[in-house]
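Engineer: Quick one, protein-v3.txt (compact mmCIF, C-alpha atoms):
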# COMPACT_ATOMS: atom_id res chain seq x y z
CA MET A 1 181.88 -53.53 69.52
CA ASN A 2 181.29 -56.86 67.76
CA ASN A 3 177.71 -57.06 66.41
CA LYS A 4 177.30 -60.59 67.78
CA VAL A 5 178.17 -59.42 71.27
CA ASP A 6 175.78 -56.45 71.01
CA LEU A 7 172.87 -58.90 71.26
CA LEU A 8 173.87 -59.57 74.87
CA PHE A 9 173.44 -55.89 75.69
CA GLU A 10 170.13 -55.62 73.82
CA ARG A 11 168.48 -58.37 75.86
CA HIS A 12 166.48 -57.05 78.78
CA SER A 13 163.41 -58.02 80.77
CA LEU A 14 160.28 -57.29 78.75
CA ARG A 15 156.94 -57.23 80.55
CA ARG A 16 154.60 -55.51 78.03
CA TYR A 17 153.75 -57.17 74.75
CA ARG A 18 151.92 -56.35 71.55
CA GLN A 19 148.90 -58.54 70.98
CA GLU A 20 150.21 -60.55 68.07
CA PRO A 21 151.14 -64.22 67.97
CA VAL A 22 154.71 -65.42 67.86
CA ASP A 23 155.50 -66.91 64.46
CA PRO A 24 155.61 -70.75 64.68
CA GLN A 25 158.98 -70.87 62.91
CA ASP A 26 160.35 -68.36 65.42
CA ILE A 27 159.08 -70.54 68.27
CA GLN A 28 161.01 -73.48 66.80
CA THR A 29 164.15 -71.34 66.48
CA ILE A 30 163.83 -70.21 70.10
CA LEU A 31 163.36 -73.81 71.27
CA GLN A 32 166.33 -74.96 69.18
CA ALA A 33 168.44 -72.26 70.87
CA GLY A 34 167.43 -73.69 74.24
CA MET A 35 168.38 -77.19 73.18
CA SER A 36 171.76 -75.89 72.00
CA ALA A 37 172.79 -74.91 75.53
CA PRO A 38 175.60 -76.75 77.28
CA SER A 39 174.75 -79.26 79.99
CA ALA A 40 176.74 -81.20 82.57
CA HIS A 41 177.72 -84.65 81.30
CA ASN A 42 175.64 -83.74 78.21
CA SER A 43 172.61 -84.78 80.28
CA GLN A 44 170.24 -82.28 78.64
CA PRO A 45 167.63 -82.58 81.42
CA TRP A 46 165.52 -79.77 79.94
CA GLU A 47 162.11 -80.14 78.45
CA PHE A 48 160.03 -77.24 77.18
CA LEU A 49 156.30 -76.72 77.44
CA VAL A 50 155.02 -74.08 75.00
CA VAL A 51 151.92 -72.31 76.28
CA GLN A 52 149.75 -70.18 73.99
CA ASP A 53 146.35 -70.81 75.52
CA LYS A 54 145.12 -67.55 77.08
CA GLU A 55 143.22 -69.29 79.89
CA ARG A 56 146.30 -71.21 80.99
CA LEU A 57 148.50 -68.11 80.72
CA SER A 58 146.00 -66.18 82.85
CA ALA A 59 145.88 -69.00 85.40
CA CYS A 60 149.67 -68.83 85.65
CA ALA A 61 149.58 -65.04 86.02
CA GLY A 62 147.92 -65.41 89.43
CA ILE A 63 150.49 -67.80 90.86
CA ARG A 64 153.07 -65.18 91.89
CA LYS A 65 152.77 -61.48 92.69
CA PHE A 66 154.92 -60.30 89.76
CA TRP A 67 153.64 -62.71 87.08
CA GLY A 68 150.76 -60.52 85.84
CA MET A 69 152.40 -60.03 82.44
CA LEU A 70 151.55 -63.64 81.59
CA SER A 71 147.94 -62.56 81.00
CA ASP A 72 149.05 -60.29 78.16
CA ALA A 73 151.88 -62.36 76.71
CA PRO A 74 151.11 -64.12 73.44
CA MET A 75 153.01 -67.16 74.67
CA ALA A 76 155.31 -68.52 77.34
CA ILE A 77 157.82 -71.33 77.50
CA LEU A 78 157.95 -73.33 80.70
CA VAL A 79 161.44 -74.76 81.18
CA LEU A 80 161.30 -78.10 82.97
CA ALA A 81 163.99 -80.40 84.37
CA ASN A 82 163.30 -84.08 83.79
CA LEU A 83 165.42 -85.85 86.39
CA GLU A 84 164.62 -89.40 85.25
CA GLY A 85 167.80 -90.86 83.83
CA TYR A 86 169.83 -87.75 84.70
CA LYS A 87 173.50 -88.67 84.27
CA GLY A 88 174.80 -86.63 87.20
CA SER A 89 173.52 -86.67 90.75
CA ALA A 90 169.82 -85.77 90.54
CA ARG A 91 170.40 -82.44 92.26
CA GLU A 92 173.86 -81.73 90.93
CA PHE A 93 173.73 -79.50 87.84
CA PHE A 94 170.20 -79.56 86.38
CA LEU A 95 169.54 -76.00 87.53
CA GLN A 96 172.57 -74.66 85.67
CA ASP A 97 171.66 -76.75 82.62
CA CYS A 98 168.10 -75.40 82.49
CA SER A 99 169.26 -71.86 83.24
CA ALA A 100 171.66 -71.97 80.30
CA ALA A 101 168.82 -73.17 78.06
CA ALA A 102 166.53 -70.41 79.32
CA GLU A 103 169.09 -67.67 78.70
CA ASN A 104 169.78 -69.05 75.21
CA MET A 105 166.05 -68.81 74.47
CA LEU A 106 165.83 -65.23 75.76
CA LEU A 107 168.79 -64.26 73.57
CA ALA A 108 167.25 -65.99 70.53
CA ALA A 109 163.95 -64.19 71.17
CA THR A 110 165.83 -60.88 71.26
CA ALA A 111 167.64 -61.69 68.01
CA LEU A 112 164.26 -62.38 66.36
CA GLY A 113 162.75 -59.06 67.51
CA TYR A 114 160.86 -60.43 70.52
CA GLY A 115 161.47 -60.01 74.20
CA GLY A 116 160.79 -61.91 77.36
CA VAL A 117 161.34 -62.01 81.06
CA TRP A 118 162.75 -64.65 83.40
CA LEU A 119 160.16 -65.84 85.93
CA GLY A 120 161.94 -68.01 88.49
CA ILE A 121 160.12 -71.04 89.85
CA TYR A 122 162.57 -73.56 91.31
CA PRO A 123 163.11 -74.12 94.28
CA LEU A 124 159.75 -72.64 95.38
CA GLU A 125 157.43 -75.55 96.18
CA GLU A 126 154.06 -73.79 95.94
CA PRO A 127 154.44 -72.39 92.41
CA GLN A 128 155.89 -75.73 91.28
CA GLN A 129 152.84 -77.55 92.58
CA GLN A 130 150.39 -75.08 91.04
CA LEU A 131 152.09 -75.43 87.66
CA ARG A 132 152.04 -79.23 88.01
CA GLU A 133 148.28 -79.06 88.42
CA ILE A 134 147.66 -76.63 85.54
CA PHE A 135 149.85 -78.56 83.07
CA GLN A 136 149.66 -82.13 84.47
CA ILE A 137 153.43 -82.30 85.02
CA PRO A 138 154.72 -85.57 86.54
CA GLU A 139 156.55 -85.53 89.88
CA ALA A 140 159.95 -86.46 88.36
CA VAL A 141 159.80 -83.29 86.22
CA LEU A 142 160.57 -79.99 87.96
CA PRO A 143 159.28 -76.62 86.75
CA VAL A 144 162.39 -74.41 86.77
CA VAL A 145 161.62 -71.14 84.98
CA MET A 146 158.87 -69.62 82.83
CA LEU A 147 159.61 -67.26 79.95
CA PRO A 148 156.76 -65.08 78.64
CA ILE A 149 157.69 -64.04 75.08
CA GLY A 150 156.27 -61.52 72.63
CA ARG A 151 156.93 -58.43 70.55
CA PRO A 152 157.66 -55.32 72.64
CA GLU A 153 154.69 -52.98 73.13
CA THR A 154 157.11 -50.05 72.85
CA PRO A 155 160.70 -50.01 71.62
CA PRO A 156 162.94 -51.02 74.51
CA GLU A 157 165.63 -48.73 75.82
CA VAL A 158 168.99 -50.44 75.68
CA LYS A 159 170.83 -50.04 78.97
CA ARG A 160 174.38 -51.09 79.64
CA ARG A 161 175.23 -52.14 83.13
CA SER A 162 178.70 -51.43 84.38
CA THR A 163 179.74 -52.23 87.92
CA PRO A 164 183.54 -52.40 87.95
CA GLU A 165 183.56 -52.94 91.72
CA LYS A 166 182.13 -56.40 91.09
CA ILE A 167 185.11 -57.46 89.00
CA HIS A 168 188.15 -59.07 90.65
CA TYR A 169 191.38 -60.37 89.15
CA GLU A 170 193.48 -63.18 90.54
CA LEU A 171 192.38 -62.68 94.18
CA TYR A 172 189.18 -61.38 95.70
Written as C-alpha cells, how would this file's structure read?

Structural biologist:
Amino acid sequence: MNNKVDLLFERHSLRRYRQEPVDPQDIQTILQAGMSAPSAHNSQPWEFLVVQDKERLSACAGIRKFWGMLSDAPMAILVLANLEGYKGSAREFFLQDCSAAAENMLLAATALGYGGVWLGIYPLEEPQQQLREIFQIPEAVLPVVMLPIGRPETPPEVKRRSTPEKIHYELY
C-alpha cells in the first residue's frame, strides 16, 4: 500500500498520553494542517484555541462523561466555528468545514508521532455553554470539537476496519 495512505490507517483514537509537552513547532504544523482543510465557498469559518493550561484542561474534563482524558493530555485544540461573515448560510456547511479541519489535525498529529481523540461538542448546548464560560468565547463563535493531543502512553495497535456490507455501487 502507498505509504501516504498508510497514515489514514495508523490514525486512531488515543486516550492515554505520556506526560511530556507537545513541541511548539509541532503545534504550529498541526494547526497549519487544520487551516489547509477544504471549506464551502472557501469560507474557512474555523478558529482554533490551543489549551495547555492544566487547570483549564481539568475543568473541561468534567464537562462530559467520557472527557476524563483531558486531565492527562498535555494539550488540546478546541475547534471553533466563527459564523460572523460566513459566506454561506450561517448553518449551511460550517460543521463539515470544521470537521475537515479537525480530521486534518488528527492526521497531522499522527504523522508527527502524537495521537488524539475526537470529542464532539456541537450541537450539544450545555457543553457549548460551559466551554464559552471557561474560555470566554463570544456567542457568534460555536465550539464544535475538542482534540486532546499528546504522545501515546503505549504504542498503539494499528487496526484496519473492513465492512464491505457498507459499500454500495451505483444503487443502494

Engineer: With all atoms listed in the file as the basis for distance, which of A:Asn104, A:Ser71, A:Asn42, A:Thr154 is at the shortest distance from A:Glu55?

Structural biologist: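 Closest to A:Glu55 of all the choices is A:Ser71.
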
Engineer: Using all atoms listed in the file, pick whichever of A:Ala33, A:Leu106, A:Pro74, A:Gly113 has the shortest atom-to-atom distance to A:Asp53.

Structural biologist: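 The shortest atom-to-atom distance to A:Asp53 comes from A:Pro74.
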
Engineer: Could you tell me how far atom CA of A:Pro152 sits from atom CA of A:Ala76, in Å to one decimal place?

Structural biologist: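 Computed distance, atom CA of A:Ala76 to atom CA of A:Pro152, equals 14.2 Å.
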
Engineer: My list of candidates is A:Ala100, A:Ala37, A:Leu80, A:Val5. Which is closest to A:Ala140 when distances are computed with all atoms listed in the file?

Structural biologist: A:Leu80

Engineer: Could you give me, as a compact mmCIF listing (two decimals) with C-alpha atoms, keeping the file's coordinate frame, the residues within 8 Å of A:Gly120, counting only C-alpha atoms and dropping anything in the same chain fewer than 6 positions from it?

Structural biologist:
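Result saved to part_7.txt:
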# COMPACT_ATOMS: atom_id res chain seq x y z
CA VAL A 144 162.39 -74.41 86.77
CA VAL A 145 161.62 -71.14 84.98
CA MET A 146 158.87 -69.62 82.83

Engineer: How many Å lie between atom CA of A:Gln128 and atom CA of A:Ile27, rounded to one decimal?

Structural biologist: 23.8 Å

Engineer: To one decimal place, how far is atom CA of A:Pro24 from atom CA of A:Glu139 in Å?

Structural biologist: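 Result for atom CA of A:Pro24 versus atom CA of A:Glu139: 29.2 Å, one decimal.
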
Engineer: Considering only C-alpha atoms, can you say which of A:Cys60, A:Ile121, A:Val51, A:Ala73 comes closest to A:Glu20?

Structural biologist: A:Ala73

Engineer: Compare A:Leu147, A:Tyr86, A:Pro164, A:Ala101 by their minimum atom-to-atom distance to A:Gln52, counting only C-alpha atoms, and give me the closest one.

Structural biologist: A:Leu147

Engineer: Taking into account all atoms listed in the file, which residue in the set A:Met105, A:Val117, A:Met35, A:Leu78 is nearest to A:Arg56?

Structural biologist: A:Leu78

Engineer: Just want the 8 Å neighbourhood of A:Met75, counted on all atoms listed in the file, with same-chain residues fewer than 5 positions away dropped. Output as JSON, numbers by chain.

Structural biologist: {"A": [21, 22, 50, 51, 52, 53, 57, 70, 148, 149, 150]}
